[in-house]
>>> print(open('final_12.csv').read())   # CSV, C-alpha atoms
chain,number,residue,atom,x,y,z
E,12,GLN,CA,8.1,16.0,-16.2
E,13,SER,CA,7.4,12.5,-14.8
E,14,VAL,CA,10.1,10.2,-13.4
E,15,LEU,CA,8.7,7.4,-15.5
E,16,THR,CA,8.3,7.9,-19.2
E,17,GLN,CA,5.2,6.7,-21.1
E,18,PRO,CA,4.0,7.5,-24.7
E,19,PRO,CA,1.2,10.1,-24.5
E,20,SER,CA,-1.1,8.0,-26.7
E,21,VAL,CA,-1.6,4.7,-28.4
E,22,SER,CA,-4.3,3.5,-30.7
E,23,ALA,CA,-5.5,0.3,-32.3
E,24,ALA,CA,-8.6,-1.3,-33.8
E,25,PRO,CA,-11.0,-3.4,-31.8
E,26,GLY,CA,-9.8,-7.0,-31.4
E,27,GLN,CA,-6.2,-6.0,-32.0
E,28,LYS,CA,-3.3,-5.9,-29.5
E,29,VAL,CA,-1.6,-2.9,-28.1
E,30,THR,CA,1.4,-2.4,-25.8
E,31,ILE,CA,2.3,0.5,-23.6
E,32,SER,CA,5.8,1.1,-22.5
E,33,CYS,CA,7.1,2.6,-19.2
E,34,SER,CA,10.7,3.6,-19.0
E,35,GLY,CA,12.6,4.4,-15.8
E,36,SER,CA,15.9,3.9,-14.1
E,37,SER,CA,17.8,1.7,-11.7
E,38,SER,CA,16.4,3.6,-8.7
E,39,ASN,CA,12.8,2.8,-9.6
E,40,ILE,CA,11.8,0.2,-12.2
E,41,GLY,CA,15.2,-1.5,-12.1
E,42,ASN,CA,14.9,-2.4,-8.4
E,43,HIS,CA,11.2,-2.3,-7.6
E,44,TYR,CA,8.0,-3.9,-8.7
E,45,VAL,CA,5.8,-2.1,-11.2
E,46,SER,CA,2.1,-1.6,-11.1
E,47,TRP,CA,-0.3,-0.6,-13.8
E,48,TYR,CA,-3.5,1.4,-13.4
E,49,GLN,CA,-6.5,2.0,-15.7
E,50,GLN,CA,-8.4,5.2,-15.3
E,51,LEU,CA,-11.7,5.4,-17.2
E,52,PRO,CA,-13.1,8.9,-17.9
E,53,GLY,CA,-14.5,10.5,-14.7
E,54,THR,CA,-13.5,7.6,-12.4
E,55,ALA,CA,-10.8,6.8,-9.9
E,56,PRO,CA,-7.8,4.7,-11.0
E,57,LYS,CA,-8.1,1.0,-10.9
E,58,LEU,CA,-5.3,-1.5,-10.3
E,59,LEU,CA,-4.7,-3.7,-13.4
E,60,ILE,CA,-1.3,-5.3,-12.7
E,61,TYR,CA,0.9,-5.5,-9.7
E,62,ASP,CA,4.3,-7.0,-8.9
E,63,ASN,CA,5.2,-6.5,-12.6
E,64,ASN,CA,2.9,-9.2,-14.0
E,65,LYS,CA,0.2,-10.3,-11.5
E,66,ARG,CA,-3.4,-9.6,-12.0
E,67,PRO,CA,-5.8,-8.8,-9.2
E,68,SER,CA,-8.9,-10.9,-8.9
E,69,GLY,CA,-11.4,-9.9,-11.6
E,70,ILE,CA,-9.0,-8.5,-14.1
E,71,PRO,CA,-9.2,-10.4,-17.3
E,72,ASP,CA,-6.2,-12.2,-18.8
E,73,ARG,CA,-6.4,-9.9,-21.8
E,74,PHE,CA,-4.2,-7.6,-19.6
E,75,SER,CA,-0.6,-8.6,-19.0
E,76,GLY,CA,2.5,-7.0,-17.6
E,77,SER,CA,6.2,-7.6,-18.0
E,78,LYS,CA,9.5,-6.0,-16.9
E,79,SER,CA,13.0,-6.1,-18.3
E,80,GLY,CA,15.8,-4.1,-16.7
E,81,THR,CA,14.6,-0.5,-16.3
E,82,SER,CA,11.5,-0.8,-18.5
E,83,ALA,CA,8.1,-2.3,-18.1
E,84,THR,CA,5.3,-3.0,-20.6
E,85,LEU,CA,1.6,-3.4,-20.4
E,86,GLY,CA,-0.1,-5.5,-23.0
E,87,ILE,CA,-3.8,-5.6,-23.9
E,88,THR,CA,-5.2,-8.1,-26.3
E,89,GLY,CA,-8.6,-8.4,-27.9
E,90,LEU,CA,-9.2,-4.7,-27.6
E,91,GLN,CA,-12.7,-3.5,-26.8
E,92,THR,CA,-14.1,0.0,-26.9
E,93,GLY,CA,-14.5,-0.2,-23.2
E,94,ASP,CA,-10.8,-0.3,-22.8
E,95,GLU,CA,-10.5,3.3,-23.9
E,96,ALA,CA,-8.9,5.0,-20.9
E,97,ASP,CA,-5.8,6.5,-19.5
E,98,TYR,CA,-3.1,4.0,-18.3
E,99,TYR,CA,-0.4,4.7,-15.8
E,100,CYS,CA,2.6,2.8,-14.6
E,101,GLY,CA,3.8,3.3,-11.0
E,102,THR,CA,6.5,2.1,-8.7
E,103,TRP,CA,8.7,3.2,-5.8
E,104,ASP,CA,11.9,5.2,-6.3
E,105,SER,CA,14.7,4.5,-3.8
E,106,SER,CA,16.6,7.8,-4.6
E,107,LEU,CA,13.5,9.9,-4.0
E,108,SER,CA,12.1,7.7,-1.2
E,109,ALA,CA,8.7,8.3,-2.8
E,110,GLY,CA,6.2,6.7,-5.1
E,111,VAL,CA,6.4,7.7,-8.7
E,112,PHE,CA,4.0,7.4,-11.7
E,113,GLY,CA,4.4,7.7,-15.4
E,114,GLY,CA,2.8,10.6,-17.2
E,115,GLY,CA,0.0,8.4,-18.5
E,116,THR,CA,-1.0,7.0,-21.9
E,117,LYS,CA,-4.3,7.6,-23.5
E,118,LEU,CA,-5.6,4.5,-25.3
E,119,THR,CA,-7.9,5.0,-28.2
E,120,VAL,CA,-9.7,2.0,-29.7
E,121,LEU,CA,-10.5,3.1,-33.3
U,15,GLU,CA,-16.1,-4.5,0.2
U,16,VAL,CA,-13.3,-2.0,0.7
U,17,GLN,CA,-14.5,1.6,0.7
U,18,LEU,CA,-12.4,4.7,1.0
U,19,VAL,CA,-14.2,8.0,1.3
U,20,GLU,CA,-12.3,11.3,1.3
U,21,SER,CA,-13.5,14.6,2.7
U,22,GLY,CA,-12.2,17.9,3.7
U,23,GLY,CA,-11.5,19.5,0.3
U,24,GLY,CA,-12.6,23.0,-0.6
U,25,VAL,CA,-11.5,26.4,-1.7
U,26,VAL,CA,-8.6,28.0,0.3
U,27,ARG,CA,-6.5,31.0,-0.2
U,28,PRO,CA,-2.7,30.7,-1.0
U,29,GLY,CA,-0.9,30.3,2.3
U,30,GLY,CA,-3.9,28.7,3.9
U,31,SER,CA,-4.4,25.2,5.4
U,32,LEU,CA,-6.7,22.3,5.0
U,33,ARG,CA,-7.0,18.9,6.6
U,34,LEU,CA,-8.1,16.0,4.4
U,35,SER,CA,-9.7,12.9,5.8
U,36,CYS,CA,-10.1,9.4,4.4
U,37,ALA,CA,-12.6,7.0,6.1
U,38,ALA,CA,-11.8,3.4,5.4
U,39,SER,CA,-14.2,0.5,5.7
U,40,GLY,CA,-14.3,-3.2,4.7
U,41,LEU,CA,-10.7,-3.8,5.6
U,42,THR,CA,-8.5,-4.4,8.6
U,43,PHE,CA,-7.1,-0.8,8.6
U,44,ASP,CA,-4.0,-1.6,10.7
U,45,ASP,CA,-2.8,-4.2,8.2
U,46,TYR,CA,-2.1,-1.8,5.4
U,47,GLY,CA,0.1,1.2,4.5
U,48,MET,CA,-1.9,4.0,3.0
U,49,SER,CA,-1.2,6.8,0.4
U,50,TRP,CA,-2.4,10.1,-0.9
U,51,VAL,CA,-2.3,10.7,-4.6
U,52,ARG,CA,-3.4,13.8,-6.4
U,53,GLN,CA,-4.5,14.6,-9.9
U,54,VAL,CA,-4.9,18.0,-11.5
U,55,PRO,CA,-8.1,17.7,-13.6
U,56,GLY,CA,-7.1,16.6,-17.1
U,57,LYS,CA,-3.5,15.7,-16.0
U,58,GLY,CA,-1.6,12.8,-14.7
U,59,LEU,CA,-1.3,11.1,-11.2
U,60,GLU,CA,1.2,12.5,-8.7
U,61,TRP,CA,2.0,10.5,-5.5
U,62,VAL,CA,1.9,12.9,-2.6
U,63,SER,CA,2.6,10.9,0.6
U,64,GLY,CA,2.5,7.5,2.1
U,65,ILE,CA,2.4,6.0,5.6
U,66,ASP,CA,3.2,2.5,6.8
U,67,TRP,CA,0.7,0.2,8.7
U,68,ASN,CA,1.4,1.6,12.2
U,69,GLY,CA,2.4,5.2,11.3
U,70,ALA,CA,6.1,4.7,12.2
U,71,SER,CA,7.3,5.5,8.7
U,72,THR,CA,6.1,8.2,6.3
U,73,GLY,CA,7.2,9.6,3.0
U,74,TYR,CA,6.5,12.7,0.9
U,75,ALA,CA,7.0,14.0,-2.6
U,76,ASP,CA,9.5,16.7,-2.8
U,77,SER,CA,6.8,19.1,-3.9
U,78,VAL,CA,5.0,18.9,-0.6
U,79,LYS,CA,7.8,18.0,1.9
U,80,GLY,CA,7.8,20.3,4.9
U,81,ARG,CA,4.3,21.6,4.1
U,82,PHE,CA,2.1,18.4,4.3
U,83,THR,CA,1.9,15.9,7.1
U,84,ILE,CA,0.3,12.4,6.7
U,85,SER,CA,-1.1,10.6,9.8
U,86,ARG,CA,-3.6,7.8,10.6
U,87,ASP,CA,-5.9,6.9,13.5
U,88,SER,CA,-6.5,3.2,13.8
U,89,ALA,CA,-9.4,3.7,16.3
U,90,LYS,CA,-11.3,5.7,13.7
U,91,ASN,CA,-10.1,3.7,10.6
U,92,SER,CA,-9.0,7.0,9.1
U,93,LEU,CA,-6.2,8.5,7.2
U,94,TYR,CA,-5.4,12.2,7.2
U,95,LEU,CA,-3.4,14.8,5.3
U,96,GLN,CA,-2.7,18.1,6.9
U,97,MET,CA,-1.8,20.6,4.2
U,98,ASN,CA,-0.2,23.9,5.2
U,99,SER,CA,1.3,26.8,3.2
U,100,LEU,CA,-0.9,25.9,0.3
U,101,ARG,CA,0.0,27.1,-3.2
U,102,ALA,CA,-1.9,27.4,-6.4
U,103,GLU,CA,-0.1,24.4,-7.8
U,104,ASP,CA,-1.6,22.2,-5.0
U,105,THR,CA,-5.0,22.6,-6.7
U,106,ALA,CA,-6.0,19.0,-7.5
U,107,LEU,CA,-8.3,16.1,-6.8
U,108,TYR,CA,-6.8,14.2,-3.8
U,109,HIS,CA,-7.3,10.5,-3.7
U,110,CYS,CA,-6.5,8.2,-0.8
U,111,GLY,CA,-5.4,4.7,-1.5
U,112,ARG,CA,-4.7,1.4,0.2
U,113,GLY,CA,-1.1,0.5,-0.1
U,114,VAL,CA,2.1,2.5,-0.7
U,115,THR,CA,4.2,0.9,-3.4
U,116,THR,CA,1.0,-0.7,-5.0
U,117,ILE,CA,-2.3,1.0,-4.5
U,118,ASP,CA,-5.0,-1.6,-4.9
U,119,TYR,CA,-8.1,0.4,-3.8
U,120,TRP,CA,-8.7,4.1,-4.5
U,121,GLY,CA,-11.2,6.6,-3.2
U,122,GLN,CA,-13.1,8.9,-5.5
U,123,GLY,CA,-11.2,11.9,-4.3
U,124,THR,CA,-11.8,15.3,-2.7
U,125,LEU,CA,-11.2,18.5,-4.7
U,126,VAL,CA,-8.8,21.1,-3.3
U,127,THR,CA,-8.7,24.5,-4.9
U,128,VAL,CA,-6.1,27.1,-3.9
U,129,SER,CA,-7.1,30.5,-5.2
U,130,SER,CA,-7.3,34.1,-4.1
>>> encode(input="final_12.csv", output="structure tokens")
Amino acid sequence: QSVLTQPPSVSAAPGQKVTISCSGSSSNIGNHYVSWYQQLPGTAPKLLIYDNNKRPSGIPDRFSGSKSGTSATLGITGLQTGDEADYYCGTWDSSLSAGVFGGGTKLTVL
Amino acid sequence: EVQLVESGGGVVRPGGSLRLSCAASGLTFDDYGMSWVRQVPGKGLEWVSGIDWNGASTGYADSVKGRFTISRDSAKNSLYLQMNSLRAEDTALYHCGRGVTTIDYWGQGTLVTVSS
């Protein structure tokens, strides 16, 4: 059971928009920055979003992040088949004094 | 280009020990905290341990506390994870990463299998 809660799967058609939620508590999301990671099949995770809503260099603006209270959301617009991957949210947890991840969400582009 | 290359994985019996290494290049190693994250094949990510830029502060997941020790050697630009009292549930692909609260570069991982 992960500390952060994500839906196991989401799906949408190419060109459409999808959002992935990440729910936590005051000890993690509520008081710390959230990051989002994309893991394509057979590869290492890749940082997509950091500090709730910032994109590293090279990440297209189709990817966006937001946070409100103890929840965070990853948005992906203009879906492409190449976006099919597992997506994870992550942050720090003050109560655990440890990093925490969500259980991951599998995105299917139909 | 930042590169992180893990090594040291393998097959070990329950109760045994392994030491993982992560060789870092393309970065000023002393400027960054570092982490270990593991992933059971087909499952999600689990943060294992983190260390700050100079090794003064470390943190561990409850699942490994007291059994695993993270360390770093700035002269060798390397990160380590000493794993003792290994259990079957420690079987996973172990990634090292740059950063602790946000991991912006990841290695490809080294596979640890704990089995009798």
>>> atom_distance(input="final_12.csv", atom1="atom CA of E:Trp103", atom2="atom CA of U:Ser71")
14.7 Å
>>> closest_atom_pairs(input="final_12.csv", of="chain U", to="chain E", cutoff="12 Å", atoms="only C-alpha atoms", output="tab-separated table")
residue	atom	partner	partner_atom	distance
U:Leu18	CA	E:Ala55	CA	11.2
U:Val19	CA	E:Ala55	CA	11.8
U:Met48	CA	E:Gly110	CA	11.8
U:Ser49	CA	E:Gly110	CA	9.2
U:Trp50	CA	E:Gly110	CA	10.2
U:Val51	CA	E:Gly110	CA	9.4
U:Arg52	CA	E:Ala55	CA	10.8
U:Gln53	CA	E:Ala55	CA	10.0
U:Pro55	CA	E:Gly53	CA	9.7
U:Gly56	CA	E:Pro52	CA	9.8
U:Lys57	CA	E:Gly114	CA	8.2
U:Gly58	CA	E:Gly114	CA	5.5
U:Leu59	CA	E:Phe112	CA	6.5
U:Glu60	CA	E:Phe112	CA	6.5
U:Trp61	CA	E:Gly110	CA	5.7
U:Val62	CA	E:Gly110	CA	7.9
U:Ser63	CA	E:Ala109	CA	7.5
U:Gly64	CA	E:Ala109	CA	7.9
U:Ile65	CA	E:Ala109	CA	10.7
U:Ser71	CA	E:Ser108	CA	11.2
U:Thr72	CA	E:Ala109	CA	9.5
U:Gly73	CA	E:Ala109	CA	6.1
U:Tyr74	CA	E:Ala109	CA	6.2
U:Ala75	CA	E:Ala109	CA	6.0
U:Asp76	CA	E:Leu107	CA	8.0
U:Ser77	CA	E:Ala109	CA	11.0
U:Val78	CA	E:Ala109	CA	11.4
U:Lys79	CA	E:Ala109	CA	10.8
U:Leu107	CA	E:Ala55	CA	10.1
U:Tyr108	CA	E:Ala55	CA	10.4
U:His109	CA	E:Ala55	CA	8.0
U:Cys110	CA	E:Ala55	CA	10.2
U:Gly111	CA	E:Pro56	CA	9.8
U:Arg112	CA	E:Leu58	CA	10.9
U:Gly113	CA	E:Gly110	CA	10.8
U:Val114	CA	E:Gly110	CA	7.3
U:Thr115	CA	E:Trp103	CA	5.6
U:Thr116	CA	E:Ser46	CA	6.3
U:Ile117	CA	E:Leu58	CA	7.0
U:Asp118	CA	E:Leu58	CA	5.4
U:Tyr119	CA	E:Lys57	CA	7.1
U:Trp120	CA	E:Ala55	CA	6.4
U:Gly121	CA	E:Ala55	CA	6.7
U:Gln122	CA	E:Ala55	CA	5.4
U:Gly123	CA	E:Ala55	CA	7.6
U:Thr124	CA	E:Ala55	CA	11.2
>>> atom_distance(input="final_12.csv", atom1="atom CA of E:Gly69", atom2="atom CA of E:Leu85")
17.0 Å
>>> residues_around(input="final_12.csv", residues="stretch 83-86 of chain U", least_positions_apart="3", cutoff="7 Å", atoms="only C-alpha atoms", output="ChimeraX atom specification")
/U:63,65,69,92-97
>>> atom_distance(input="final_12.csv", atom1="atom CA of E:Ser79", atom2="atom CA of E:Gly41")
8.0 Å
>>> closest_residue(input="final_12.csv", among="E:Gly89, E:Gln17, E:Lys78, E:Ser105", to="E:Asn39", atoms="all atoms listed in the file")
E:Ser105
>>> closest_residue(input="final_12.csv", among="E:Ile40, E:Leu121, E:Val21, E:Val14", to="E:Gly93", atoms="only C-alpha atoms")
E:Leu121
>>> closest_residue(input="final_12.csv", among="E:Pro25, E:Gly80, E:Pro71, E:Gly86", to="E:Val120", atoms="all atoms listed in the file")
E:Pro25
>>> closest_residue(input="final_12.csv", among="E:Leu118, E:Ile70, E:Leu51, E:Ala96", to="E:Ala24", atoms="all atoms listed in the file")
E:Leu118
>>> closest_residue(input="final_12.csv", among="U:Ser21, U:Ser99, U:Leu125, U:Asp66", to="U:Ala38", atoms="only C-alpha atoms")
U:Ser21
>>> residues_around(input="final_12.csv", residues="U:Gly29", least_positions_apart="4", cutoff="10 Å", atoms="only C-alpha atoms", output="list in words")
Met97, Asn98, Ser99, Leu100, Arg101, Ala102, Val128, Ser129 and Ser130 of chain U
>>> build_atoms(input="final_12.csv", residues="stretch 50-83 of chain U", atoms="N, CA and C atoms", output="CSV table (one decimal), in the frame of the given file")
chain,number,residue,atom,x,y,z
U,50,TRP,N,-1.7,9.0,-0.2
U,50,TRP,CA,-2.4,10.1,-0.9
U,50,TRP,C,-1.8,10.3,-2.3
U,51,VAL,N,-2.7,10.4,-3.3
U,51,VAL,CA,-2.3,10.7,-4.6
U,51,VAL,C,-3.1,11.8,-5.2
U,52,ARG,N,-2.6,12.7,-5.9
U,52,ARG,CA,-3.4,13.8,-6.4
U,52,ARG,C,-3.3,13.9,-7.9
U,53,GLN,N,-4.3,14.5,-8.5
U,53,GLN,CA,-4.5,14.6,-9.9
U,53,GLN,C,-5.1,16.0,-10.3
U,54,VAL,N,-4.3,16.8,-11.0
U,54,VAL,CA,-4.9,18.0,-11.5
U,54,VAL,C,-5.9,17.6,-12.6
U,55,PRO,N,-7.1,18.1,-12.6
U,55,PRO,CA,-8.1,17.7,-13.6
U,55,PRO,C,-7.5,17.7,-15.1
U,56,GLY,N,-7.6,16.6,-15.8
U,56,GLY,CA,-7.1,16.6,-17.1
U,56,GLY,C,-5.6,16.2,-17.2
U,57,LYS,N,-4.9,16.0,-16.0
U,57,LYS,CA,-3.5,15.7,-16.0
U,57,LYS,C,-3.3,14.4,-15.4
U,58,GLY,N,-2.0,14.1,-15.2
U,58,GLY,CA,-1.6,12.8,-14.7
U,58,GLY,C,-1.7,12.6,-13.1
U,59,LEU,N,-1.3,11.4,-12.7
U,59,LEU,CA,-1.3,11.1,-11.2
U,59,LEU,C,0.0,11.6,-10.6
U,60,GLU,N,0.0,12.1,-9.4
U,60,GLU,CA,1.2,12.5,-8.7
U,60,GLU,C,1.1,11.9,-7.3
U,61,TRP,N,2.0,11.0,-6.9
U,61,TRP,CA,2.0,10.5,-5.5
U,61,TRP,C,2.4,11.6,-4.6
U,62,VAL,N,1.7,11.7,-3.5
U,62,VAL,CA,1.9,12.9,-2.6
U,62,VAL,C,2.6,12.4,-1.3
U,63,SER,N,2.0,11.3,-0.7
U,63,SER,CA,2.6,10.9,0.6
U,63,SER,C,2.1,9.5,0.9
U,64,GLY,N,2.9,8.8,1.7
U,64,GLY,CA,2.5,7.5,2.1
U,64,GLY,C,2.9,7.2,3.6
U,65,ILE,N,2.2,6.3,4.2
U,65,ILE,CA,2.4,6.0,5.6
U,65,ILE,C,2.3,4.5,5.8
U,66,ASP,N,3.2,3.9,6.6
U,66,ASP,CA,3.2,2.5,6.8
U,66,ASP,C,2.0,2.1,7.7
U,67,TRP,N,1.9,0.8,8.0
U,67,TRP,CA,0.7,0.2,8.7
U,67,TRP,C,0.5,0.8,10.1
U,68,ASN,N,1.6,1.1,10.8
U,68,ASN,CA,1.4,1.6,12.2
U,68,ASN,C,1.8,3.1,12.3
U,69,GLY,N,2.1,3.7,11.2
U,69,GLY,CA,2.4,5.2,11.3
U,69,GLY,C,3.8,5.5,11.6
U,70,ALA,N,4.7,4.5,11.8
U,70,ALA,CA,6.1,4.7,12.2
U,70,ALA,C,6.9,5.3,11.1
U,71,SER,N,6.5,5.0,9.8
U,71,SER,CA,7.3,5.5,8.7
U,71,SER,C,6.4,6.3,7.7
U,72,THR,N,6.9,7.4,7.3
U,72,THR,CA,6.1,8.2,6.3
U,72,THR,C,7.1,8.7,5.2
U,73,GLY,N,6.5,9.1,4.1
U,73,GLY,CA,7.2,9.6,3.0
U,73,GLY,C,6.4,10.6,2.3
U,74,TYR,N,7.2,11.6,1.6
U,74,TYR,CA,6.5,12.7,0.9
U,74,TYR,C,7.2,13.0,-0.4
U,75,ALA,N,6.4,13.4,-1.4
U,75,ALA,CA,7.0,14.0,-2.6
U,75,ALA,C,7.7,15.2,-2.3
U,76,ASP,N,8.8,15.5,-3.0
U,76,ASP,CA,9.5,16.7,-2.8
U,76,ASP,C,8.7,18.0,-2.9
U,77,SER,N,7.7,17.9,-3.7
U,77,SER,CA,6.8,19.1,-3.9
U,77,SER,C,6.0,19.5,-2.7
U,78,VAL,N,5.8,18.6,-1.7
U,78,VAL,CA,5.0,18.9,-0.6
U,78,VAL,C,5.8,18.7,0.7
U,79,LYS,N,7.0,18.3,0.7
U,79,LYS,CA,7.8,18.0,1.9
U,79,LYS,C,8.0,19.3,2.7
U,80,GLY,N,7.7,19.2,4.0
U,80,GLY,CA,7.8,20.3,4.9
U,80,GLY,C,6.5,21.1,5.0
U,81,ARG,N,5.6,20.8,4.1
U,81,ARG,CA,4.3,21.6,4.1
U,81,ARG,C,3.1,20.6,4.5
U,82,PHE,N,3.2,19.4,4.1
U,82,PHE,CA,2.1,18.4,4.3
U,82,PHE,C,2.6,17.4,5.3
U,83,THR,N,1.6,16.9,6.1
U,83,THR,CA,1.9,15.9,7.1
U,83,THR,C,0.8,14.8,7.0
